[in-house]
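Asks: File name work.csv; file contents CSV, C-alpha atoms and all ligand atoms; full text below.
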chain,number,residue,atom,x,y,z
A,533,MET,CA,0.0,0.0,0.0
A,534,SER,CA,1.3,3.5,-0.8
A,535,LYS,CA,1.6,6.2,1.8
A,536,ILE,CA,-1.4,7.9,3.3
A,537,ALA,CA,-1.9,11.7,3.9
A,538,LEU,CA,-3.8,12.3,7.1
A,539,VAL,CA,-5.1,15.9,6.9
A,540,TYR,CA,-7.0,17.6,9.7
A,541,GLY,CA,-8.2,21.0,11.0
A,542,SER,CA,-8.9,21.4,14.8
A,543,SER,CA,-9.8,24.3,17.1
A,544,THR,CA,-9.6,22.8,20.6
A,545,GLY,CA,-7.4,19.9,19.7
A,546,ASN,CA,-10.0,17.1,19.6
A,547,THR,CA,-9.6,16.3,15.9
A,548,GLU,CA,-5.9,16.7,16.1
A,549,LYS,CA,-5.8,14.2,18.9
A,550,ILE,CA,-7.8,11.6,16.9
A,551,ALA,CA,-5.6,12.2,13.9
A,552,ARG,CA,-2.5,11.4,16.0
A,553,GLN,CA,-4.3,8.4,17.4
A,554,ILE,CA,-5.0,7.2,13.8
A,555,GLN,CA,-1.3,7.7,12.9
A,556,ASN,CA,-0.3,5.6,15.9
A,557,PHE,CA,-2.8,2.8,15.1
A,558,LEU,CA,-1.3,2.7,11.6
A,559,ALA,CA,2.3,2.6,12.7
A,560,ASP,CA,3.0,-0.2,10.3
A,561,HIS,CA,2.1,2.1,7.3
A,562,GLU,CA,3.6,5.4,6.1
A,563,VAL,CA,1.1,8.0,7.4
A,564,ASP,CA,2.0,11.7,7.0
A,565,LEU,CA,0.1,14.1,9.3
A,566,TYR,CA,-0.7,17.7,8.2
A,567,ASN,CA,-2.8,20.6,9.2
A,568,VAL,CA,-5.1,21.3,6.3
A,569,GLN,CA,-3.6,24.7,5.9
A,570,GLU,CA,-0.3,23.2,5.0
A,571,CYS,CA,-1.7,21.5,1.9
A,572,GLY,CA,-1.3,23.5,-1.2
A,573,VAL,CA,-2.6,22.5,-4.7
A,574,ASP,CA,0.6,20.5,-5.5
A,575,PHE,CA,0.5,18.6,-2.2
A,576,TYR,CA,-2.0,16.0,-3.3
A,577,SER,CA,0.0,14.7,-6.3
A,578,ASP,CA,2.2,12.8,-3.8
A,579,TYR,CA,-0.7,10.8,-2.4
A,580,ASP,CA,-3.2,8.3,-3.7
A,581,ASN,CA,-4.7,7.7,-0.2
A,582,ILE,CA,-6.0,10.6,1.9
A,583,ILE,CA,-7.9,10.7,5.2
A,584,PHE,CA,-9.5,14.1,6.0
A,585,GLY,CA,-10.6,15.0,9.6
A,586,VAL,CA,-13.0,17.9,10.3
A,587,SER,CA,-15.0,19.2,13.3
A,588,THR,CA,-18.1,21.2,13.1
A,589,TRP,CA,-18.4,24.7,14.6
A,590,GLY,CA,-20.9,27.6,14.7
A,591,GLU,CA,-24.2,25.9,13.8
A,592,GLY,CA,-23.2,23.4,11.1
A,593,ASP,CA,-20.1,25.4,9.9
A,594,LEU,CA,-16.6,24.2,8.9
A,595,GLN,CA,-14.0,24.4,11.6
A,596,ASP,CA,-11.8,27.6,11.1
A,597,ASP,CA,-8.7,26.0,9.5
A,598,TRP,CA,-11.1,24.3,7.0
A,599,ASP,CA,-13.2,27.4,6.6
A,600,SER,CA,-10.2,29.5,5.4
A,601,TYR,CA,-9.0,26.6,3.2
A,602,GLU,CA,-12.4,26.0,1.5
A,603,LYS,CA,-11.8,28.2,-1.6
A,604,LYS,CA,-8.5,26.6,-2.4
A,605,PHE,CA,-9.9,23.2,-1.7
A,606,ALA,CA,-12.7,23.6,-4.1
A,607,GLN,CA,-10.2,23.9,-6.9
A,608,ILE,CA,-8.1,20.9,-6.1
A,609,ASP,CA,-8.4,18.0,-8.6
A,610,LEU,CA,-8.8,14.8,-6.5
A,611,SER,CA,-9.6,12.4,-9.4
A,612,GLY,CA,-8.0,9.0,-8.9
A,613,LYS,CA,-7.7,9.6,-5.2
A,614,THR,CA,-9.2,7.3,-2.5
A,615,VAL,CA,-10.5,9.4,0.3
A,616,ALA,CA,-11.9,8.6,3.8
A,617,LEU,CA,-13.4,11.1,6.2
A,618,PHE,CA,-13.8,11.4,9.9
A,619,GLY,CA,-15.8,14.0,11.7
A,620,LEU,CA,-16.1,15.3,15.2
A,621,GLY,CA,-19.1,17.0,16.7
A,622,ASP,CA,-21.5,17.3,19.6
A,623,GLN,CA,-24.7,15.4,19.0
A,624,GLU,CA,-26.4,16.6,22.2
A,625,GLU,CA,-25.8,20.4,22.0
A,626,TYR,CA,-25.9,20.6,18.3
A,627,SER,CA,-28.5,18.0,17.5
A,628,ASP,CA,-29.8,19.8,14.4
A,629,ASN,CA,-26.3,20.1,12.9
A,630,TYR,CA,-24.3,17.1,14.1
A,631,LEU,CA,-21.2,16.7,11.9
A,632,ASP,CA,-22.5,19.0,9.2
A,633,ALA,CA,-18.9,20.0,8.3
A,634,MET,CA,-18.1,16.4,7.4
A,635,GLY,CA,-21.1,16.6,5.0
A,636,SER,CA,-19.7,19.8,3.5
A,637,VAL,CA,-16.2,18.3,3.0
A,638,TYR,CA,-17.7,15.2,1.5
A,639,ASP,CA,-19.6,17.3,-1.1
A,640,ILE,CA,-16.4,19.1,-2.2
A,641,VAL,CA,-14.3,15.8,-2.3
A,642,ILE,CA,-16.9,14.1,-4.5
A,643,LYS,CA,-17.2,17.1,-6.8
A,644,ASN,CA,-13.5,17.2,-7.2
A,645,GLY,CA,-13.4,13.6,-8.4
A,646,ALA,CA,-12.3,11.4,-5.5
A,647,SER,CA,-13.7,8.0,-4.6
A,648,VAL,CA,-14.9,8.2,-1.0
A,649,ILE,CA,-14.7,5.1,1.2
A,650,GLY,CA,-15.5,4.5,4.9
A,651,ALA,CA,-19.2,5.1,5.2
A,652,TRP,CA,-20.3,4.5,8.8
A,653,GLU,CA,-23.6,3.1,10.2
A,654,ASN,CA,-25.8,5.5,12.1
A,655,THR,CA,-26.4,3.3,15.1
A,656,GLY,CA,-25.6,4.3,18.7
A,657,TYR,CA,-26.1,8.0,18.1
A,658,ASP,CA,-28.9,10.3,19.2
A,659,PHE,CA,-29.4,13.5,17.2
A,660,ASP,CA,-32.0,15.1,15.0
A,661,GLU,CA,-30.3,16.2,11.8
A,662,SER,CA,-27.0,15.9,10.0
A,663,THR,CA,-25.9,16.7,6.4
A,664,ALA,CA,-23.2,14.1,6.9
A,665,LEU,CA,-26.0,11.5,6.6
A,666,ARG,CA,-26.6,10.2,3.1
A,667,ASP,CA,-29.2,7.5,2.5
A,668,GLY,CA,-29.2,6.8,6.2
A,669,VAL,CA,-25.5,6.3,6.7
A,670,PHE,CA,-22.7,8.7,7.6
A,671,VAL,CA,-20.3,9.6,4.8
A,672,GLY,CA,-17.4,8.9,7.2
A,673,LEU,CA,-16.6,7.9,10.7
A,674,ALA,CA,-18.8,9.8,13.2
A,675,LEU,CA,-17.1,10.7,16.5
A,676,ASP,CA,-18.3,12.7,19.5
A,677,GLU,CA,-15.6,13.5,22.1
A,678,ASP,CA,-18.1,15.6,24.1
A,679,ASN,CA,-20.6,12.9,24.8
A,680,GLN,CA,-19.2,9.5,23.7
A,681,SER,CA,-15.4,9.6,24.1
A,682,LYS,CA,-15.4,6.2,25.7
A,683,LEU,CA,-16.6,4.8,22.3
A,684,THR,CA,-14.0,6.5,20.3
A,685,ASP,CA,-11.1,3.9,20.4
A,686,ALA,CA,-13.4,1.0,19.4
A,687,ARG,CA,-15.0,3.1,16.6
A,688,VAL,CA,-11.6,4.2,15.2
A,689,THR,CA,-10.2,0.7,15.3
A,690,GLN,CA,-13.2,-0.8,13.6
A,691,TRP,CA,-13.3,1.9,10.9
A,692,LEU,CA,-9.6,1.6,10.1
A,693,GLY,CA,-10.0,-2.1,9.7
A,694,GLU,CA,-12.8,-1.4,7.2
A,695,ILE,CA,-11.1,1.2,5.1
A,696,LEU,CA,-7.5,-0.1,5.0
A,697,PRO,CA,-8.2,-2.8,2.4
A,698,SER,CA,-9.6,-0.2,0.0
A,699,PHE,CA,-6.5,2.0,0.0
A,700,LYS,CA,-4.2,1.5,-3.0
A,801,LIG,C1,-19.3,27.2,19.8
A,801,LIG,C2,-19.3,25.7,19.4
A,801,LIG,C3,-20.1,25.4,18.3
A,801,LIG,C4,-20.2,24.0,17.9
A,801,LIG,N1,-21.0,23.7,16.8
A,801,LIG,C5,-21.2,22.4,16.5
A,801,LIG,C6,-22.1,22.0,15.5
A,801,LIG,O1,-22.8,22.9,14.8
A,801,LIG,N2,-22.3,20.7,15.2
A,801,LIG,C7,-21.6,19.8,15.8
A,801,LIG,O2,-21.7,18.6,15.5
A,801,LIG,N3,-20.7,20.1,16.8
A,801,LIG,C8,-20.5,21.4,17.2
A,801,LIG,N4,-19.6,21.7,18.2
A,801,LIG,C9,-18.8,20.6,18.8
A,801,LIG,C10,-17.4,20.5,18.3
A,801,LIG,O3,-17.4,20.1,16.9
A,801,LIG,C11,-16.7,19.4,19.1
A,801,LIG,O4,-16.4,19.9,20.4
A,801,LIG,C12,-15.4,18.9,18.5
A,801,LIG,O5,-14.9,17.8,19.2
A,801,LIG,C13,-14.3,20.0,18.4
A,801,LIG,O6,-13.2,19.5,17.7
A,801,LIG,P1,-11.8,20.4,17.5
A,801,LIG,O7,-11.3,20.7,18.9
A,801,LIG,O8,-10.9,19.5,16.8
A,801,LIG,O9,-12.2,21.6,16.7
A,801,LIG,C14,-19.5,23.0,18.6
A,801,LIG,C15,-18.7,23.4,19.7
A,801,LIG,C16,-18.6,24.7,20.1
A,801,LIG,C17,-17.8,25.0,21.3
For this file, write the structure as structure tokens.
Ligand SMILES: Cc1cc2nc3c(=O)[nH]c(=O)nc-3n(C[C@H](O)[C@H](O)[C@H](O)COP(=O)(O)O)c2cc1C

Replies:
Amino acid sequence: MSKIALVYGSSTGNTEKIARQIQNFLADHEVDLYNVQECGVDFYSDYDNIIFGVSTWGEGDLQDDWDSYEKKFAQIDLSGKTVALFGLGDQEEYSDNYLDAMGSVYDIVIKNGASVIGAWENTGYDFDESTALRDGVFVGLALDEDNQSKLTDARVTQWLGEILPSFK
């Protein structure tokens, strides 16, 4: 398997913590960790496999690093890339917008030509609405460090086991 770019944005450190955890879990593979703002247009040519991590802020908005990156991101050709997404949010406080930013990143990634892997079942969560849900499943791994941090390790481990075989 070729190397993986693990690209995140994070305001209070939760998404960064999970990104580092994923890098540790994948210690047998070459996984390069970046804040999304470090990733220029040319960056992506080095990677066939990419994992994006995003948290949701405001009411359904992109986290700040992602927000200021969005215009550039919208112009990046991702055709031929295999992409997996993970999102962090708070399903209790923001029940109408749980993980919406993961839905927004998904839309851009699809528009820019990537194949997205790593859809995740919507069981064990309690919220009203999310744009990260498509046809009843999340477009990527759904995490909630505010309310369900005890479930995170098991979720991450299961999800990585599901996505790894699809990376090139
Ligand atoms: C002011 C504020 C607004 C938030 N808005 C949302 C939201 O709309 N949807 C959601 O799912 N989570 C929301 N959250 C929860 C964060 O996404 C969550 O705490 C996440 O773990 C933060 O990750 P980060 O530290 O990597 O940015 C919000 C949190 C705060 C403090």

Asks: For Phe699 in chain A, which residue among A:Asp574, A:Glu677, A:Asp580, A:Glu548 is the nearest when counting all atoms listed in the file?

Replies: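 Ranking A:Asp574, A:Glu677, A:Asp580, A:Glu548 by distance to Phe699 in chain A, first place goes to A:Asp580.
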
Asks: Any residue with an atom at most 6 Å from ligand LIG 801 (chain A) counts, using all atoms listed in the file. Which are they? Put them as a list in words.

Replies: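 With all atoms listed in the file and a cut-off of 6 Å, ligand LIG 801 (chain A) is contacted by Ser542, Ser543, Thr544, Gly545, Asn546, Thr547, Glu548, Ser587, Thr588, Trp589, Gly590, Glu591, Gly592, Leu620, Gly621, Asp622, Gln623, Tyr626, Asn629, Tyr630, Leu631, Glu677 and Asp678 of chain A.
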
Asks: Just give me the residues with any atom within 8 Å of (-25.3, 11.5, 16.1), file coordinates, counting only C-alpha atoms, written as a PDB file with C-alpha atoms, in the coordinates of the input.

Replies:
ATOM      1  CA  ASP A 622     -21.500  17.300  19.600  1.00  0.00           C
ATOM      2  CA  GLN A 623     -24.700  15.400  19.000  1.00  0.00           C
ATOM      3  CA  SER A 627     -28.500  18.000  17.500  1.00  0.00           C
ATOM      4  CA  TYR A 630     -24.300  17.100  14.100  1.00  0.00           C
ATOM      5  CA  LEU A 631     -21.200  16.700  11.900  1.00  0.00           C
ATOM      6  CA  ASN A 654     -25.800   5.500  12.100  1.00  0.00           C
ATOM      7  CA  GLY A 656     -25.600   4.300  18.700  1.00  0.00           C
ATOM      8  CA  TYR A 657     -26.100   8.000  18.100  1.00  0.00           C
ATOM      9  CA  ASP A 658     -28.900  10.300  19.200  1.00  0.00           C
ATOM     10  CA  PHE A 659     -29.400  13.500  17.200  1.00  0.00           C
ATOM     11  CA  ASP A 660     -32.000  15.100  15.000  1.00  0.00           C
ATOM     12  CA  SER A 662     -27.000  15.900  10.000  1.00  0.00           C
ATOM     13  CA  ALA A 674     -18.800   9.800  13.200  1.00  0.00           C
ATOM     14  CA  ASP A 676     -18.300  12.700  19.500  1.00  0.00           C
TER      15      ASP A 676
END

Asks: Give me, as a list in words, all polymer residues having an atom no more than 10 Å from Gln607 in chain A, counting all atoms listed in the file and skipping those fewer than 2 positions away in the same chain.

Replies: Val573, Glu602, Lys603, Lys604, Phe605, Asp609, Leu610, Ile640, Lys643 and Asn644 of chain A

Asks: Mind giving me the straight-line distance from CA of Gln595 in chain A to CA of Ile554 in chain A in Å, one decimal?

Replies: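 Between CA of Gln595 in chain A and CA of Ile554 in chain A the gap works out to 19.5 Å.
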